[in-house]
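Participant: I'd like to ask some things about the structure below.
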Amino acid sequence: MSRPESLALPRDAESGAGTSAESGAGSRGAVGRAAARTSPVLWSLPPLAALALVFLCPLALVVRQSFLGEEGGPPSTAPYAKVFAEASFRDALGTTVLIAVGATAGCLLLGFALALVIAFVPFPGSRALSRFIDVFLAFPSFLITLALLFLYGTAGLANGLWTDATGAADGPFAFLHTPWGVLLAEITYFTPFVMRPLLAAFSQVETGQLEAAASLGARPVRIVRKVIWPEALPSLAAGGALVLVLTLNEFGIVLFTGAKDVVTLPVLVYTKAILDGDYTGACVVAVVNIVLSVALYALYRTVAARAGGARTPTAGGAGRRARA
Amino acid sequence: MLVHSKGARRAVWAVFFVLFLPLFALPLLVVVAASFASTWSGALPSGPTTAHYQDIARGDSLEALVTSLVTAVAASLLALTAGTWAALAAQRLRPRARRVLDGLFVLPVAVPSVVVGLSLLVAFSQPPLLLNGTPQIVVVAHTVLVTAFAYQSVTAALARLDPAYEQSAASLGARPAYVLWRVKLPLLLPSLTAAAGLCFALSMGELSATMMIYPPDWTPLPVRIFATTDRGALFAGAALAVALMAATLLVLLAVSRIRTKASYR
């Protein structure tokens, strides 16, 4: 990533030196160099100003509003005390974290198993399958909840099969409007986010390594543990952190589930702001949610950067080999 | 090949499909099946009908689809412009300044979309910038949410770009603007169209921030799907969802065709 930078810098220095030699005065070269240094900063200002206008300032206003009571007056932490005292907030916080952690664990487990088969026990059409996973990512999350209504809803595939087979009036599947329904939908929707980086990492594993391990008598479980697992760990960590952030922020799935007793932090923000008109309370919940997610996302960027950095030499080597 | 014995391989594949099919393939299939049905009382939907699609062709749903398309195109173009500009500017910054710009531009990914909607409500509900209740606020929200993805894809593409092209153009006397317009942007075109497709798909399906801010006369398709299923019309909602998926896929397909054409140059 630093390659273009390091190549561009000497060229700038050279041209600066050339100008000073031509004019015979060191001052012009210095001015040219200073201009070359400030212009990138100037160029980055317009998009930064746009971002500040529509995103950073509004976000700051949310934080400001969260410290102001409805009746005005000096900023205080009273709105926080009020919201933290509500049982609904504490329940929402607990539900959000539980669902996010559960969904992340499920996605990691399922994503690792599925990616393992696609990469190392390939079958005809497994390429098309990984293309299908990319398409899956292009669809909105609430489609999954809608689909689950037809699969496990009161009138749906699973319950219909049961009533047809047994003649009972109702089927046994009634978990959709509980946290379990949200959990299933989130695991379904977010597993591809784990599989994609994993498949990329698995494509870097040399098959020769697996063959060598197998020829030395290692059984598949041992190969997975000793050869594949270390290679997968950085991508698993990065994918898991990303999914944790996305599940903490997920709104569409929970909204479509329509369960009264499954309230997560984003849903609480929506309820307070739109249904109750309590902007200060909504801003307090929003700040709590932002702090949680942004801290996790910062962690994800660190882990992902480290995972990417560890792989770069291999990737460069593979690229050179491919070109040669 | 990890598993050598034929029987074991078959067993692994069986487990794979037992997990994969119900979780990933079945959901899309049942939505399509339900969109053509009028009742679902047994194991399979019954009462085949295309009435739900005929309803889309007249009525408010078509308006919602057009609203979504207009919003998505506008937001993608704005996000692509801002994201590409920022990525090009960031590339020439020093490492530390670049890390700051990187962090600021990907921040919208980490902030919950609902909160992005709330922040726009808080900021633009009073003068001087009174956007609340206008279609523009929806476009602004979608732009904020997808710019991060445009920025990330263009940054990744720039890192892969061979600097020799622009250097040789510059060494032949091309001015920076000319190098950017005739060398860099054409080389980036495949990544730019891919980024545009991603932004479009994300904006088409955006629900969280939209639920916070949409005005009554600018209802995008996802909100319409929610309103329809919420009042119990599940099959009509499924038809709308299929329309949403089809529109998204068609545009993605068109965009990928542009990409293959561009990569021949």
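How things are named: the first chain in the structure tokens is A, the next is B, and so on; residues count from 1 in each chain; ligands count from 1 in the order shown.
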Taking a cut-off of 6 Å and counting only C-alpha atoms, can you build a table that, for each residue of chain A near chain B, reports the nearest atom pair and how far apart they are in Å (one decimal), sorted by chain then residue number, as JSON lines?
Facilitator:
```
{"residue": "A:Met1", "atom": "CA", "partner": "B:Ala159", "partner_atom": "CA", "distance": 5.4}
{"residue": "A:Pro40", "atom": "CA", "partner": "B:Arg92", "partner_atom": "CA", "distance": 5.8}
{"residue": "A:Trp43", "atom": "CA", "partner": "B:Ala89", "partner_atom": "CA", "distance": 5.7}
{"residue": "A:Ser44", "atom": "CA", "partner": "B:Ala89", "partner_atom": "CA", "distance": 5.0}
{"residue": "A:Pro47", "atom": "CA", "partner": "B:Ala82", "partner_atom": "CA", "distance": 5.7}
{"residue": "A:Pro58", "atom": "CA", "partner": "B:Ser119", "partner_atom": "CA", "distance": 4.8}
{"residue": "A:Leu59", "atom": "CA", "partner": "B:Ser119", "partner_atom": "CA", "distance": 5.4}
{"residue": "A:Val62", "atom": "CA", "partner": "B:Ser119", "partner_atom": "CA", "distance": 5.7}
{"residue": "A:Phe120", "atom": "CA", "partner": "B:Met1", "partner_atom": "CA", "distance": 5.2}
{"residue": "A:Val121", "atom": "CA", "partner": "B:Met1", "partner_atom": "CA", "distance": 5.5}
{"residue": "A:Ala138", "atom": "CA", "partner": "B:Ala201", "partner_atom": "CA", "distance": 5.7}
{"residue": "A:Pro140", "atom": "CA", "partner": "B:Gly205", "partner_atom": "CA", "distance": 4.7}
{"residue": "A:Ala147", "atom": "CA", "partner": "B:Pro27", "partner_atom": "CA", "distance": 4.8}
{"residue": "A:Ala155", "atom": "CA", "partner": "B:Ser41", "partner_atom": "CA", "distance": 5.6}
{"residue": "A:Leu157", "atom": "CA", "partner": "B:Ala43", "partner_atom": "CA", "distance": 4.8}
{"residue": "A:Gly160", "atom": "CA", "partner": "B:Ala43", "partner_atom": "CA", "distance": 3.9}
{"residue": "A:Leu161", "atom": "CA", "partner": "B:Ala43", "partner_atom": "CA", "distance": 4.4}
{"residue": "A:Asn249", "atom": "CA", "partner": "B:Pro112", "partner_atom": "CA", "distance": 4.7}
{"residue": "A:Phe251", "atom": "CA", "partner": "B:Ser208", "partner_atom": "CA", "distance": 5.8}
{"residue": "A:Ala286", "atom": "CA", "partner": "B:Val115", "partner_atom": "CA", "distance": 5.9}
{"residue": "A:Ile290", "atom": "CA", "partner": "B:Val111", "partner_atom": "CA", "distance": 5.6}
{"residue": "A:Ser293", "atom": "CA", "partner": "B:Ala110", "partner_atom": "CA", "distance": 5.8}
{"residue": "A:Val294", "atom": "CA", "partner": "B:Ala110", "partner_atom": "CA", "distance": 5.4}
{"residue": "A:Tyr297", "atom": "CA", "partner": "B:Ala110", "partner_atom": "CA", "distance": 5.8}
```
Participant: For the residues in that selection, give me C-alpha atoms as a short mmCIF file (atom, residue, chain, number, x, y, z; two decimals), in the first residue's frame.
Facilitator:
```
data_model
loop_
_atom_site.label_atom_id
_atom_site.label_comp_id
_atom_site.auth_asym_id
_atom_site.auth_seq_id
_atom_site.Cartn_x
_atom_site.Cartn_y
_atom_site.Cartn_z
CA MET A 1 0.00 0.00 0.00
CA PRO A 40 -2.88 17.17 -1.41
CA TRP A 43 -7.58 18.55 -2.46
CA SER A 44 -8.80 16.46 0.45
CA PRO A 47 -14.89 15.79 0.35
CA PRO A 58 -25.07 15.77 12.70
CA LEU A 59 -23.36 13.12 14.81
CA VAL A 62 -26.73 13.94 18.52
CA PHE A 120 -10.87 -28.23 0.43
CA VAL A 121 -13.53 -30.80 -0.44
CA ALA A 138 -26.35 -7.74 -2.36
CA PRO A 140 -31.21 -6.47 2.11
CA ALA A 147 -38.51 -15.71 4.05
CA ALA A 155 -48.82 -20.77 7.97
CA LEU A 157 -43.56 -24.74 4.96
CA GLY A 160 -47.59 -27.07 7.00
CA LEU A 161 -45.51 -30.25 6.62
CA ASN A 249 -26.39 -2.34 14.51
CA PHE A 251 -32.40 -3.07 12.53
CA ALA A 286 -27.82 6.30 20.12
CA ILE A 290 -22.28 4.36 18.77
CA SER A 293 -20.03 -0.28 17.75
CA VAL A 294 -17.29 2.22 17.00
CA TYR A 297 -15.11 -1.43 14.65
#
```
Participant: So that I can see what lies close to A:Ile144, please list as JSON, numbers by chain the residues with an atom at most 9 Å from it, counting only C-alpha atoms and leaving out residues fewer than 2 positions away in the same chain.
Facilitator: {"A": [140, 141, 142, 146, 147, 148, 149, 185, 186, 188, 189, 253], "B": [27, 28]}
Participant: Would you list, as a VMD selection string, the residues of stretch 171-227 of chain B that end up in helix (DSSP H, G or I) under DSSP run on this structure's backbone?
Facilitator: chain B and resid 171 176 to 204 208 to 213 221 to 227
Participant: Please list as an mmCIF file with N, CA and C atoms, in the first residue's frame every residue within 9 Å of B:Asp217, counting only C-alpha atoms and excluding residues in the same chain fewer than 4 positions away.
Facilitator:
```cif
data_model
loop_
_atom_site.group_PDB
_atom_site.id
_atom_site.type_symbol
_atom_site.label_atom_id
_atom_site.label_comp_id
_atom_site.auth_asym_id
_atom_site.auth_seq_id
_atom_site.Cartn_x
_atom_site.Cartn_y
_atom_site.Cartn_z
ATOM 1 N N GLY B 133 -38.489 16.123 5.847
ATOM 2 C CA GLY B 133 -39.747 16.112 5.121
ATOM 3 C C GLY B 133 -39.577 16.252 3.623
ATOM 4 N N THR B 134 -38.329 16.356 3.135
ATOM 5 C CA THR B 134 -38.112 16.437 1.691
ATOM 6 C C THR B 134 -37.469 15.143 1.199
ATOM 7 N N PRO B 135 -37.609 14.838 -0.100
ATOM 8 C CA PRO B 135 -36.920 13.663 -0.636
ATOM 9 C C PRO B 135 -35.407 13.759 -0.495
#
```
Participant: What does the distance from atom CA of A:Ile118 to atom CA of A:Ala103 come to in Å, to one decimal?
Facilitator: 21.7 Å
Participant: How far is it from atom CA of B:Thr210 to atom CA of B:Val138, in Å with one decimal?
Facilitator: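 Answer for the atom CA of B:Thr210 to atom CA of B:Val138 separation: 6.4 Å.
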